[in-house]
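Pasting input.cif here (mmCIF, C-alpha atoms and all ligand atoms):
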```cif
data_work
#
loop_
_atom_site.label_atom_id
_atom_site.label_comp_id
_atom_site.auth_asym_id
_atom_site.auth_seq_id
_atom_site.Cartn_x
_atom_site.Cartn_y
_atom_site.Cartn_z
CA MET A 1 -11.93 -0.31 -22.01
CA ALA A 2 -11.70 -1.02 -18.31
CA VAL A 3 -8.94 -0.84 -15.73
CA LEU A 4 -8.67 -4.05 -13.71
CA VAL A 5 -7.81 -3.43 -10.05
CA THR A 6 -6.73 -6.56 -8.19
CA GLY A 7 -7.12 -6.22 -4.44
CA GLY A 8 -9.49 -3.32 -5.05
CA ALA A 9 -11.44 -4.11 -1.87
CA GLY A 10 -8.36 -3.52 0.28
CA TYR A 11 -7.14 -0.34 1.91
CA ILE A 12 -5.09 1.36 -0.81
CA GLY A 13 -6.90 -0.49 -3.61
CA SER A 14 -10.32 0.84 -2.59
CA HIS A 15 -9.04 4.43 -2.48
CA THR A 16 -7.52 3.98 -5.93
CA VAL A 17 -10.80 2.58 -7.28
CA ALA A 18 -12.62 5.64 -5.90
CA GLU A 19 -10.10 7.94 -7.61
CA LEU A 20 -10.34 6.10 -10.95
CA ILE A 21 -14.14 6.28 -10.86
CA ALA A 22 -14.02 9.98 -9.98
CA ARG A 23 -11.93 10.48 -13.13
CA GLY A 24 -14.43 8.67 -15.32
CA GLU A 25 -12.60 5.35 -15.76
CA GLU A 26 -14.45 2.07 -16.14
CA VAL A 27 -13.21 -0.17 -13.32
CA VAL A 28 -13.34 -3.93 -12.72
CA ILE A 29 -12.26 -5.10 -9.28
CA VAL A 30 -10.90 -8.57 -8.58
CA ASP A 31 -10.71 -9.50 -4.91
CA ASN A 32 -11.10 -12.76 -3.00
CA LEU A 33 -12.36 -10.78 0.03
CA GLU A 34 -10.00 -12.67 2.31
CA THR A 35 -8.59 -9.45 3.73
CA GLY A 36 -10.56 -6.96 1.61
CA HIS A 37 -14.08 -5.76 2.38
CA ARG A 38 -17.05 -5.89 0.03
CA GLU A 39 -18.27 -2.60 1.53
CA ALA A 40 -15.02 -0.87 0.56
CA VAL A 41 -15.97 -1.24 -3.11
CA THR A 42 -18.11 1.83 -3.60
CA ALA A 43 -18.34 1.64 -7.41
CA GLY A 44 -17.17 -0.42 -10.36
CA THR A 45 -17.81 -4.10 -11.08
CA LEU A 46 -16.63 -6.50 -8.37
CA GLU A 47 -15.56 -9.99 -9.50
CA ILE A 48 -14.96 -12.18 -6.46
CA GLY A 49 -12.16 -14.68 -6.92
CA ASP A 50 -8.49 -15.44 -6.45
CA ILE A 51 -5.64 -14.27 -8.68
CA ARG A 52 -4.04 -17.74 -8.34
CA ASP A 53 -7.10 -19.20 -10.09
CA LYS A 54 -6.21 -18.99 -13.79
CA ALA A 55 -9.64 -20.17 -14.98
CA PHE A 56 -11.26 -17.39 -12.94
CA LEU A 57 -8.89 -14.73 -14.32
CA ASN A 58 -9.48 -16.02 -17.86
CA GLU A 59 -13.20 -15.54 -17.34
CA VAL A 60 -12.68 -11.99 -16.08
CA PHE A 61 -10.44 -11.08 -19.02
CA THR A 62 -12.90 -12.67 -21.46
CA LYS A 63 -15.93 -10.93 -19.97
CA HIS A 64 -14.38 -7.46 -19.72
CA SER A 65 -12.28 -5.53 -22.17
CA ILE A 66 -9.22 -4.78 -20.00
CA ASP A 67 -6.78 -2.07 -21.05
CA ALA A 68 -4.51 -2.02 -17.99
CA VAL A 69 -4.08 -3.63 -14.58
CA ILE A 70 -3.38 -2.05 -11.20
CA HIS A 71 -2.15 -4.86 -8.99
CA PHE A 72 -2.66 -4.65 -5.21
CA ALA A 73 -3.76 -8.21 -4.40
CA ALA A 74 -1.20 -9.58 -1.92
CA TYR A 75 -0.66 -10.46 1.70
CA SER A 76 1.02 -7.57 3.47
CA LEU A 77 1.77 -8.34 7.11
CA VAL A 78 5.51 -8.25 7.77
CA GLY A 79 5.28 -10.23 11.04
CA GLU A 80 3.09 -12.96 9.57
CA SER A 81 5.35 -13.27 6.55
CA MET A 82 8.28 -14.18 8.82
CA VAL A 83 6.47 -17.19 10.26
CA LYS A 84 4.51 -18.22 7.15
CA PRO A 85 6.84 -17.61 4.20
CA GLY A 86 5.11 -20.24 2.05
CA LYS A 87 1.79 -18.43 2.34
CA TYR A 88 3.43 -15.20 1.10
CA TYR A 89 5.35 -16.76 -1.78
CA ASP A 90 2.23 -18.60 -2.90
CA ASN A 91 -0.17 -15.66 -2.97
CA ASN A 92 2.19 -12.80 -3.76
CA VAL A 93 4.71 -14.39 -6.12
CA SER A 94 2.76 -17.28 -7.68
CA GLY A 95 -0.41 -15.16 -7.87
CA THR A 96 1.47 -12.45 -9.76
CA GLY A 97 2.89 -15.07 -12.12
CA VAL A 98 -0.63 -16.26 -12.98
CA LEU A 99 -1.85 -12.68 -13.46
CA LEU A 100 1.06 -11.77 -15.76
CA ASP A 101 0.55 -14.92 -17.81
CA VAL A 102 -3.12 -14.11 -18.31
CA MET A 103 -2.22 -10.53 -19.24
CA LYS A 104 0.21 -11.94 -21.81
CA ASP A 105 -2.47 -14.29 -23.20
CA TYR A 106 -4.97 -11.43 -23.57
CA GLY A 107 -2.46 -8.90 -24.90
CA VAL A 108 -2.78 -6.51 -21.94
CA LYS A 109 0.44 -4.51 -21.94
CA ARG A 110 0.32 -2.21 -18.90
CA ILE A 111 0.52 -2.86 -15.19
CA VAL A 112 0.88 -0.52 -12.21
CA PHE A 113 2.20 -2.39 -9.20
CA SER A 114 1.78 -1.81 -5.49
CA SER A 115 5.28 -2.17 -4.08
CA THR A 116 6.84 -1.09 -0.82
CA ALA A 117 9.73 0.56 0.99
CA ALA A 118 10.24 -2.91 2.53
CA THR A 119 12.08 -3.83 -0.71
CA TYR A 120 15.05 -1.75 0.58
CA GLY A 121 15.42 -3.37 4.01
CA GLU A 122 17.83 -1.49 6.26
CA PRO A 123 18.56 1.65 4.22
CA GLU A 124 22.09 2.64 3.23
CA ARG A 125 21.09 6.29 3.70
CA VAL A 126 18.02 8.49 3.95
CA PRO A 127 16.21 9.85 2.07
CA ILE A 128 16.12 6.64 0.04
CA VAL A 129 16.33 6.87 -3.75
CA GLU A 130 15.19 4.19 -6.18
CA THR A 131 18.72 3.14 -7.13
CA ASP A 132 19.69 2.36 -3.52
CA ARG A 133 20.46 -1.20 -2.47
CA THR A 134 17.47 -3.52 -2.15
CA GLU A 135 18.06 -6.11 0.53
CA PRO A 136 14.72 -6.90 2.16
CA THR A 137 14.79 -7.90 5.82
CA SER A 138 11.35 -9.54 5.67
CA VAL A 139 9.70 -12.24 3.58
CA TYR A 140 7.02 -9.70 2.70
CA GLY A 141 9.61 -7.27 1.28
CA GLU A 142 11.39 -10.13 -0.51
CA THR A 143 8.17 -11.26 -2.21
CA LYS A 144 7.43 -7.71 -3.41
CA LEU A 145 10.96 -7.36 -4.80
CA THR A 146 10.57 -10.73 -6.54
CA MET A 147 7.27 -9.55 -8.03
CA GLU A 148 9.01 -6.42 -9.38
CA ARG A 149 11.70 -8.61 -10.94
CA MET A 150 9.09 -10.88 -12.53
CA MET A 151 7.59 -7.83 -14.18
CA ARG A 152 10.96 -6.86 -15.59
CA TRP A 153 11.28 -10.26 -17.27
CA PHE A 154 7.72 -10.16 -18.57
CA ASP A 155 8.51 -6.76 -20.07
CA GLN A 156 11.59 -8.20 -21.78
CA ALA A 157 9.82 -11.32 -23.06
CA HIS A 158 6.30 -10.04 -23.72
CA ASP A 159 6.56 -6.25 -23.88
CA ILE A 160 4.36 -5.71 -20.81
CA GLN A 161 5.28 -2.30 -19.36
CA TYR A 162 5.11 -1.85 -15.61
CA VAL A 163 5.33 0.95 -13.09
CA SER A 164 6.24 -0.17 -9.61
CA LEU A 165 5.29 2.24 -6.84
CA ARG A 166 7.25 1.75 -3.63
CA TYR A 167 5.22 3.34 -0.90
CA PHE A 168 6.42 4.30 2.50
CA ASN A 169 3.83 4.42 5.35
CA ALA A 170 0.30 4.72 3.98
CA ALA A 171 -2.18 6.31 6.40
CA GLY A 172 -5.35 8.40 6.47
CA ALA A 173 -8.74 7.86 4.87
CA HIS A 174 -10.92 9.10 2.02
CA GLU A 175 -12.44 12.55 2.48
CA SER A 176 -15.94 11.04 2.25
CA GLY A 177 -15.31 9.17 5.52
CA GLN A 178 -16.85 6.11 3.82
CA ILE A 179 -13.67 4.17 3.14
CA GLY A 180 -10.60 3.83 5.34
CA GLU A 181 -8.15 1.46 6.97
CA ASP A 182 -9.53 -1.76 8.46
CA HIS A 183 -7.02 -4.60 8.78
CA ARG A 184 -7.87 -7.62 10.88
CA PRO A 185 -5.85 -8.01 12.98
CA GLU A 186 -4.70 -4.39 12.87
CA SER A 187 -0.94 -3.95 13.09
CA HIS A 188 -0.39 -0.41 11.78
CA LEU A 189 0.51 2.50 13.98
CA VAL A 190 -2.07 5.16 13.06
CA PRO A 191 -5.21 2.98 13.37
CA ILE A 192 -3.92 1.42 16.60
CA VAL A 193 -3.23 4.87 18.07
CA LEU A 194 -6.74 6.03 17.11
CA GLN A 195 -8.38 2.86 18.44
CA THR A 196 -6.61 3.66 21.72
CA ALA A 197 -8.02 7.22 21.60
CA LEU A 198 -11.48 5.67 21.09
CA GLY A 199 -10.97 3.54 24.22
CA GLN A 200 -11.01 0.29 22.21
CA ARG A 201 -7.48 -0.48 23.41
CA GLU A 202 -6.06 0.28 26.82
CA GLU A 203 -2.74 1.53 25.54
CA ILE A 204 -0.48 1.72 22.54
CA THR A 205 2.71 -0.29 22.71
CA VAL A 206 5.71 1.61 21.39
CA PHE A 207 8.12 -0.90 19.88
CA GLY A 208 11.49 0.27 21.16
CA SER A 209 12.81 3.59 22.50
CA ASP A 210 16.52 2.92 22.02
CA TYR A 211 16.82 3.57 18.29
CA PRO A 212 19.42 6.08 17.08
CA THR A 213 16.77 8.79 16.52
CA ALA A 214 16.03 12.09 18.31
CA ASP A 215 13.56 10.57 20.81
CA GLY A 216 14.68 6.93 20.47
CA THR A 217 11.56 5.74 18.61
CA CYS A 218 11.38 4.72 14.94
CA VAL A 219 10.98 7.38 12.29
CA ARG A 220 8.72 6.82 9.28
CA ASP A 221 7.50 8.80 6.26
CA TYR A 222 3.68 8.89 6.45
CA ILE A 223 1.84 9.43 3.19
CA HIS A 224 -1.89 10.00 2.69
CA VAL A 225 -3.68 7.08 1.04
CA SER A 226 -5.48 9.44 -1.37
CA ASP A 227 -2.11 10.86 -2.48
CA LEU A 228 -1.07 7.27 -3.20
CA ALA A 229 -4.29 6.78 -5.15
CA ASP A 230 -3.48 9.87 -7.24
CA ALA A 231 -0.04 8.43 -8.01
CA HIS A 232 -1.56 5.20 -9.37
CA VAL A 233 -3.75 7.17 -11.76
CA LEU A 234 -0.76 9.24 -12.89
CA ALA A 235 1.26 6.05 -13.40
CA LEU A 236 -1.53 4.67 -15.56
CA HIS A 237 -1.50 7.83 -17.69
CA TYR A 238 2.30 7.62 -17.92
CA LEU A 239 2.06 4.08 -19.33
CA ARG A 240 -0.79 4.96 -21.68
CA ASP A 241 1.35 7.83 -22.98
CA GLY A 242 4.07 5.33 -23.89
CA GLY A 243 6.20 5.60 -20.72
CA LYS A 244 8.83 2.90 -20.16
CA SER A 245 8.85 0.45 -17.26
CA ASP A 246 10.16 2.12 -14.13
CA ILE A 247 10.17 2.22 -10.33
CA PHE A 248 9.16 5.18 -8.16
CA ASN A 249 9.21 5.90 -4.43
CA LEU A 250 6.12 7.52 -2.93
CA GLY A 251 6.46 9.44 0.31
CA ASN A 252 6.38 12.98 1.69
CA GLY A 253 10.13 13.12 2.27
CA GLN A 254 9.59 13.94 5.94
CA GLY A 255 9.99 11.64 8.90
CA PHE A 256 8.01 11.47 12.16
CA SER A 257 8.79 9.35 15.19
CA VAL A 258 6.30 7.00 16.81
CA LEU A 259 6.01 9.41 19.76
CA GLU A 260 5.42 12.36 17.41
CA VAL A 261 2.57 10.45 15.75
CA ILE A 262 1.03 9.71 19.17
CA ARG A 263 1.38 13.36 20.25
CA THR A 264 -0.21 14.57 16.99
CA ALA A 265 -3.08 12.12 17.50
CA GLU A 266 -3.62 13.45 21.03
CA GLN A 267 -3.89 16.96 19.61
CA VAL A 268 -6.21 15.94 16.77
CA THR A 269 -8.53 13.83 18.94
CA GLY A 270 -8.31 15.93 22.10
CA ARG A 271 -7.97 12.68 24.03
CA PRO A 272 -5.13 11.22 26.06
CA ILE A 273 -3.46 8.19 24.48
CA PRO A 274 -1.86 5.91 27.10
CA THR A 275 1.50 4.66 25.92
CA ALA A 276 3.69 1.74 27.02
CA ILE A 277 7.29 1.49 25.88
CA ARG A 278 8.29 -2.11 25.14
CA GLU A 279 10.86 -4.13 23.22
CA ARG A 280 11.75 -3.48 19.59
CA ARG A 281 9.72 -5.33 16.96
CA ALA A 282 11.89 -7.64 14.84
CA GLY A 283 12.89 -6.27 11.46
CA ASP A 284 12.01 -2.58 12.05
CA PRO A 285 14.67 -0.25 10.58
CA ALA A 286 15.31 2.90 12.68
CA ILE A 287 14.51 5.44 9.97
CA LEU A 288 12.70 5.17 6.63
CA ILE A 289 12.26 8.35 4.61
CA ALA A 290 11.59 8.52 0.88
CA SER A 291 12.99 10.69 -1.78
CA ALA A 292 10.02 10.95 -4.13
CA ASP A 293 11.74 13.45 -6.43
CA LYS A 294 11.59 11.03 -9.34
CA ALA A 295 7.81 10.55 -9.05
CA ARG A 296 7.38 14.32 -8.88
CA ARG A 297 9.62 14.87 -11.89
CA VAL A 298 8.54 12.01 -14.17
CA LEU A 299 4.92 11.38 -13.15
CA GLY A 300 4.11 14.96 -12.18
CA TRP A 301 2.95 13.70 -8.78
CA SER A 302 2.64 16.08 -5.89
CA PRO A 303 1.14 14.98 -2.58
CA ARG A 304 -1.71 17.30 -1.60
CA ARG A 305 -2.35 16.14 1.99
CA ASP A 306 1.23 16.22 3.21
CA LYS A 307 0.86 17.45 6.81
CA LEU A 308 0.86 14.77 9.50
CA GLU A 309 -2.12 16.55 11.16
CA GLN A 310 -4.13 16.30 7.91
CA ILE A 311 -3.35 12.60 7.60
CA VAL A 312 -4.28 11.84 11.21
CA GLU A 313 -7.41 14.05 11.03
CA SER A 314 -8.72 12.19 8.00
CA ALA A 315 -8.07 8.84 9.69
CA TRP A 316 -9.84 10.12 12.82
CA ARG A 317 -12.93 11.09 10.78
CA TRP A 318 -13.09 7.53 9.46
CA HIS A 319 -12.55 5.96 12.89
CA THR A 320 -15.21 8.11 14.55
CA ALA A 321 -17.69 7.56 11.69
CA ARG A 322 -17.01 3.79 11.64
CA PRO A 323 -15.53 2.85 15.03
CA HIS A 324 -15.74 -0.84 14.17
CA GLY A 325 -14.72 -0.45 10.53
CA TYR A 326 -16.58 -2.24 7.79
CA ILE A 327 -19.48 -4.52 8.49
CA GLU A 328 -18.27 -8.04 7.83
CA SER A 329 -19.64 -9.51 4.64
N1 LIG B 1 4.64 0.74 15.87
C1 LIG B 1 4.56 0.79 17.27
N2 LIG B 1 3.48 0.20 17.88
C2 LIG B 1 2.47 -0.42 17.18
C3 LIG B 1 2.56 -0.45 15.77
C4 LIG B 1 3.65 0.13 15.15
O1 LIG B 1 5.45 1.32 17.93
O2 LIG B 1 1.54 -0.94 17.80
C5 LIG B 1 5.77 1.36 15.20
C6 LIG B 1 6.61 0.40 14.36
O3 LIG B 1 7.64 -0.16 15.15
C7 LIG B 1 7.13 1.32 13.25
C8 LIG B 1 6.05 2.38 13.10
O4 LIG B 1 5.25 2.31 14.29
O5 LIG B 1 8.30 1.94 13.68
C9 LIG B 1 5.16 2.14 11.91
O6 LIG B 1 4.73 0.79 11.93
P1 LIG B 1 3.60 0.24 10.97
O7 LIG B 1 3.35 -1.19 11.37
O8 LIG B 1 2.44 1.16 10.97
O9 LIG B 1 4.25 0.32 9.52
P2 LIG B 1 5.64 -0.27 8.95
O10 LIG B 1 6.68 0.79 9.19
O11 LIG B 1 5.91 -1.56 9.60
O12 LIG B 1 5.33 -0.40 7.49
#
```

So that I can check it, write out the structure of this file as structure tokens.
Ligand code: UDP
Amino acid sequence: MAVLVTGGAGYIGSHTVAELIARGEEVVIVDNLETGHREAVTAGTLEIGDIRDKAFLNEVFTKHSIDAVIHFAAYSLVGESMVKPGKYYDNNVSGTGVLLDVMKDYGVKRIVFSSTAATYGEPERVPIVETDRTEPTSVYGETKLTMERMMRWFDQAHDIQYVSLRYFNAAGAHESGQIGEDHRPESHLVPIVLQTALGQREEITVFGSDYPTADGTCVRDYIHVSDLADAHVLALHYLRDGGKSDIFNLGNGQGFSVLEVIRTAEQVTGRPIPTAIRERRAGDPAILIASADKARRVLGWSPRRDKLEQIVESAWRWHTARPHGYIES
């Protein structure tokens, strides 16, 4: 029996595929390679196609004996989602609907879902717990929340159990240095900071210094991508062991400001990182910090690379090994 990983050629998907393979799982990857990279798929069987294409998914489910799905395939740029909501609803929400329908048709009863802290919007309090209010401030967050809700109804109607993992700020790269973060265009803080250290960018723009935080810049909970990968495998085991549908936050429970991340990157790289303070970016909450107590308690998850230095160091290894990321395929 194989685990189907949708979006397995993307950033977090590819690290999860590597972890599944390392643990002896048979893995089938579905990716349309629109934002994913063929080179990021280091093992497993890659089936190139789109989750909105029901005939394609039917073929995949007919060809392979699928026992569970880990679902990453989605658009994930907050800024883009605000100007192209239709694009996000179509791929993220409609695509998930097609996938769940095919799972129902083939009797596949388990799905681990890649969700996000963006489902909460502006938090009521930090650290955020899973029962806190969900009021997304972006189309991206709204689509992910809608996808979670779809899963709840598919569970009720068709007995498909889901685990939704709401991650905070994924960063870092695989210890092999062979897979890492490569978004085009890049919008995430850690890779942009390291591209600046490499001299590929003149400076890093800090979006706002007037937030109600210690140094005025936004505070986020950075979590190593391989710790996220571990959590997906644990969630899979939880479902295989008969666990009920549930939602879990994944983070380190510790916040760092944008300036702290830049300072840490200067230490790790030994290079100066020119910084320009500019306007706030629309939709950025001041502080996002996870309580991941539930994932620790119920899934037995415990992040192993929880120091910011470790996270930035691993990302730096990837960026120095592959300064231009993956070769385009
Ligand atoms: N950020 C920044 N400059 C950049 C990119 C990001 O100041 O070029 C800030 C952003 O405002 C946020 C934090 O860094 O407070 C993390 O942003 P990222 O886009 O990496 O993740 P998000 O929090 O949006 O999921």

- Item | Selected residue, from A:Leu145, A:Val112, A:Met1, A:Val258, that lies nearest to ligand LIG 1 (chain B) when counting only C-alpha atoms and all ligand atoms | A:Val258

- Taking into account all atoms listed in the file, which residue in the set A:Glu47, A:Asp230, A:Asp215, A:Asp159 is nearest to His15 of chain A? A:Asp230

- Note on the structure: Expressed in Å, the length from atom CA of Arg263 of chain A to atom CA of His324 of chain A is 23.1 Å

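Take atom CA of Lys244 of chain A and atom CA of Tyr162 of chain A: the distance between them is 7.6 Å.
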
So that each row is one residue of chain A with an atom at most 7 Å from ligand LIG 1 (chain B), can you give its shortest atom pair and the distance in Å to one decimal, using all atoms listed in the file, rows by chain and rising number, as JSON lines?
```
{"residue": "A:Val78", "atom": "CA", "partner": "B:LIG1", "partner_atom": "O11", "distance": 6.9}
{"residue": "A:Phe168", "atom": "CA", "partner": "B:LIG1", "partner_atom": "O12", "distance": 6.9}
{"residue": "A:Asn169", "atom": "CA", "partner": "B:LIG1", "partner_atom": "O12", "distance": 5.5}
{"residue": "A:Ser187", "atom": "CA", "partner": "B:LIG1", "partner_atom": "O7", "distance": 5.4}
{"residue": "A:His188", "atom": "CA", "partner": "B:LIG1", "partner_atom": "O8", "distance": 3.3}
{"residue": "A:Leu189", "atom": "CA", "partner": "B:LIG1", "partner_atom": "O8", "distance": 3.8}
{"residue": "A:Val190", "atom": "CA", "partner": "B:LIG1", "partner_atom": "O8", "distance": 6.4}
{"residue": "A:Ile192", "atom": "CA", "partner": "B:LIG1", "partner_atom": "O2", "distance": 6.1}
{"residue": "A:Ile204", "atom": "CA", "partner": "B:LIG1", "partner_atom": "O2", "distance": 5.8}
{"residue": "A:Thr205", "atom": "CA", "partner": "B:LIG1", "partner_atom": "N2", "distance": 4.9}
{"residue": "A:Val206", "atom": "CA", "partner": "B:LIG1", "partner_atom": "O1", "distance": 3.5}
{"residue": "A:Phe207", "atom": "CA", "partner": "B:LIG1", "partner_atom": "O1", "distance": 4.0}
{"residue": "A:Gly208", "atom": "CA", "partner": "B:LIG1", "partner_atom": "O1", "distance": 6.9}
{"residue": "A:Cys218", "atom": "CA", "partner": "B:LIG1", "partner_atom": "O5", "distance": 4.3}
{"residue": "A:Val219", "atom": "CA", "partner": "B:LIG1", "partner_atom": "O5", "distance": 6.2}
{"residue": "A:Arg220", "atom": "CA", "partner": "B:LIG1", "partner_atom": "O10", "distance": 6.4}
{"residue": "A:Val258", "atom": "CA", "partner": "B:LIG1", "partner_atom": "O4", "distance": 5.4}
{"residue": "A:Arg280", "atom": "CA", "partner": "B:LIG1", "partner_atom": "O3", "distance": 6.9}
{"residue": "A:Arg281", "atom": "CA", "partner": "B:LIG1", "partner_atom": "O3", "distance": 5.9}
{"residue": "A:Asp284", "atom": "CA", "partner": "B:LIG1", "partner_atom": "O3", "distance": 5.9}
```

Atoms to include: C-alpha atoms. Write the selected residues as a PDB file, keeping the file's coordinate frame.
```pdb
ATOM      1  CA  VAL A  78       5.510  -8.250   7.770  1.00  0.00           C
ATOM      2  CA  PHE A 168       6.420   4.300   2.500  1.00  0.00           C
ATOM      3  CA  ASN A 169       3.830   4.420   5.350  1.00  0.00           C
ATOM      4  CA  SER A 187      -0.940  -3.950  13.090  1.00  0.00           C
ATOM      5  CA  HIS A 188      -0.390  -0.410  11.780  1.00  0.00           C
ATOM      6  CA  LEU A 189       0.510   2.500  13.980  1.00  0.00           C
ATOM      7  CA  VAL A 190      -2.070   5.160  13.060  1.00  0.00           C
ATOM      8  CA  ILE A 192      -3.920   1.420  16.600  1.00  0.00           C
ATOM      9  CA  ILE A 204      -0.480   1.720  22.540  1.00  0.00           C
ATOM     10  CA  THR A 205       2.710  -0.290  22.710  1.00  0.00           C
ATOM     11  CA  VAL A 206       5.710   1.610  21.390  1.00  0.00           C
ATOM     12  CA  PHE A 207       8.120  -0.900  19.880  1.00  0.00           C
ATOM     13  CA  GLY A 208      11.490   0.270  21.160  1.00  0.00           C
ATOM     14  CA  CYS A 218      11.380   4.720  14.940  1.00  0.00           C
ATOM     15  CA  VAL A 219      10.980   7.380  12.290  1.00  0.00           C
ATOM     16  CA  ARG A 220       8.720   6.820   9.280  1.00  0.00           C
ATOM     17  CA  VAL A 258       6.300   7.000  16.810  1.00  0.00           C
ATOM     18  CA  ARG A 280      11.750  -3.480  19.590  1.00  0.00           C
ATOM     19  CA  ARG A 281       9.720  -5.330  16.960  1.00  0.00           C
ATOM     20  CA  ASP A 284      12.010  -2.580  12.050  1.00  0.00           C
TER      21      ASP A 284
END
```

- Task: Report the distance between atom CA of Gly253 of chain A and atom CA of Thr16 of chain A in Å, rounded to one decimal place.
- Result: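 Going from atom CA of Gly253 of chain A over to atom CA of Thr16 of chain A, I get 21.5 Å.
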
- Message: Neighbouring residues of Val98 of chain A were defined as those with any atom within 10 Å, considering all atoms listed in the file; residues of the same chain fewer than 4 positions away were excluded. Please report them as a list in words.
- Response: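 With the cut-off at 10 Å, the set is Ile51, Arg52, Asp53, Lys54, Leu57, Val93, Ser94, Val102, Met103 and Lys104 of chain A.
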
- Task: Find the residues near His183 of chain A: any atom within 10 Å, counting all atoms listed in the file, skip ones fewer than 6 places away on the same chain, and give them as a list of chain:residue names.
- Result: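 So, after excluding close chain neighbours, the residues are A:Gly10, A:Tyr11, A:Thr35, A:Gly36, A:His37, A:Leu77, A:Pro191, A:Gly325, A:Tyr326.
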
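Proximity to Arg149 of chain A at 12 Å, evaluated using all atoms listed in the file and with sequence-adjacent residues fewer than 2 positions away removed, yields Val93, Thr96, Gly97, Phe113, Ser115, Thr119, Thr134, Glu142, Thr143, Lys144, Leu145, Thr146, Met147, Met151, Arg152, Trp153, Phe154, Asp155, Gln156, Tyr162, Val163, Ser164, Ser245, Asp246 and Ile247 of chain A.
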
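Take the candidates A:Asp67, A:Glu19, A:Glu309, A:Asp221 and check each one against Val126 of chain A using all atoms listed in the file; the shortest distance goes to A:Asp221.
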
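The residue that comes closest to Asp182 of chain A, out of A:Val298, A:Ala40, A:Leu99, A:Ala229 and on the basis of all atoms listed in the file, is A:Ala40.
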
- Query: In file coordinates, which residues lie within 12 Å of (-12.5, 8.2, -16.8) using all atoms listed in the file, given as number ranges by chain?
  - Reply: A: 1-3, 17-27, 44, 233, 236-237

- Message: Given all atoms listed in the file as the basis, pick out the residue of A:Ile262, A:Ala197, A:Leu33, A:Val28 nearest to Ala9 of chain A.
- Response: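 Once distances to Ala9 of chain A are computed over all atoms listed in the file, the minimum belongs to A:Leu33.
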
- Quick one: of A:Ala170, A:Ile289, A:Ala68, A:Val139, who's nearest to Leu239 of chain A, counting all atoms listed in the file? A:Ala68

- List every protein, DNA or RNA residue with an atom no more than 7 Å from (11.9, 4.4, -1.1) in the file's coordinates, counting all atoms listed in the file, and format the result as a PyMOL selection string. chain A and resi 117+128-130+166-168+249-250+289-291

- 10 Å contact set for Arg201 of chain A, only C-alpha atoms, chain neighbours under 5 positions out, as a PyMOL selection string: chain A and resi 192-196+273-274

May I have the selected residues written with C-alpha atoms, as an mmCIF file, in the coordinates of the input?
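What landed in again.cif:
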```
data_model
loop_
_atom_site.group_PDB
_atom_site.id
_atom_site.type_symbol
_atom_site.label_atom_id
_atom_site.label_comp_id
_atom_site.auth_asym_id
_atom_site.auth_seq_id
_atom_site.Cartn_x
_atom_site.Cartn_y
_atom_site.Cartn_z
ATOM 1 C CA ILE A 192 -3.920 1.420 16.600
ATOM 2 C CA VAL A 193 -3.230 4.870 18.070
ATOM 3 C CA LEU A 194 -6.740 6.030 17.110
ATOM 4 C CA GLN A 195 -8.380 2.860 18.440
ATOM 5 C CA THR A 196 -6.610 3.660 21.720
ATOM 6 C CA ILE A 273 -3.460 8.190 24.480
ATOM 7 C CA PRO A 274 -1.860 5.910 27.100
#
```

Tell me, as a short mmCIF file (atom, residue, chain, number, x, y, z; two decimals) with C-alpha atoms, in the frame of the given file, which residues lie within 12 Å of Gln178 of chain A, counting only C-alpha atoms; anything in the same chain fewer than 6 positions away does not count.
```
data_model
loop_
_atom_site.label_atom_id
_atom_site.label_comp_id
_atom_site.auth_asym_id
_atom_site.auth_seq_id
_atom_site.Cartn_x
_atom_site.Cartn_y
_atom_site.Cartn_z
CA TYR A 11 -7.14 -0.34 1.91
CA SER A 14 -10.32 0.84 -2.59
CA HIS A 15 -9.04 4.43 -2.48
CA ALA A 18 -12.62 5.64 -5.90
CA GLU A 39 -18.27 -2.60 1.53
CA ALA A 40 -15.02 -0.87 0.56
CA VAL A 41 -15.97 -1.24 -3.11
CA THR A 42 -18.11 1.83 -3.60
CA SER A 314 -8.72 12.19 8.00
CA ALA A 315 -8.07 8.84 9.69
CA ARG A 317 -12.93 11.09 10.78
CA TRP A 318 -13.09 7.53 9.46
CA HIS A 319 -12.55 5.96 12.89
CA THR A 320 -15.21 8.11 14.55
CA ALA A 321 -17.69 7.56 11.69
CA ARG A 322 -17.01 3.79 11.64
CA PRO A 323 -15.53 2.85 15.03
CA GLY A 325 -14.72 -0.45 10.53
CA TYR A 326 -16.58 -2.24 7.79
CA ILE A 327 -19.48 -4.52 8.49
#
```
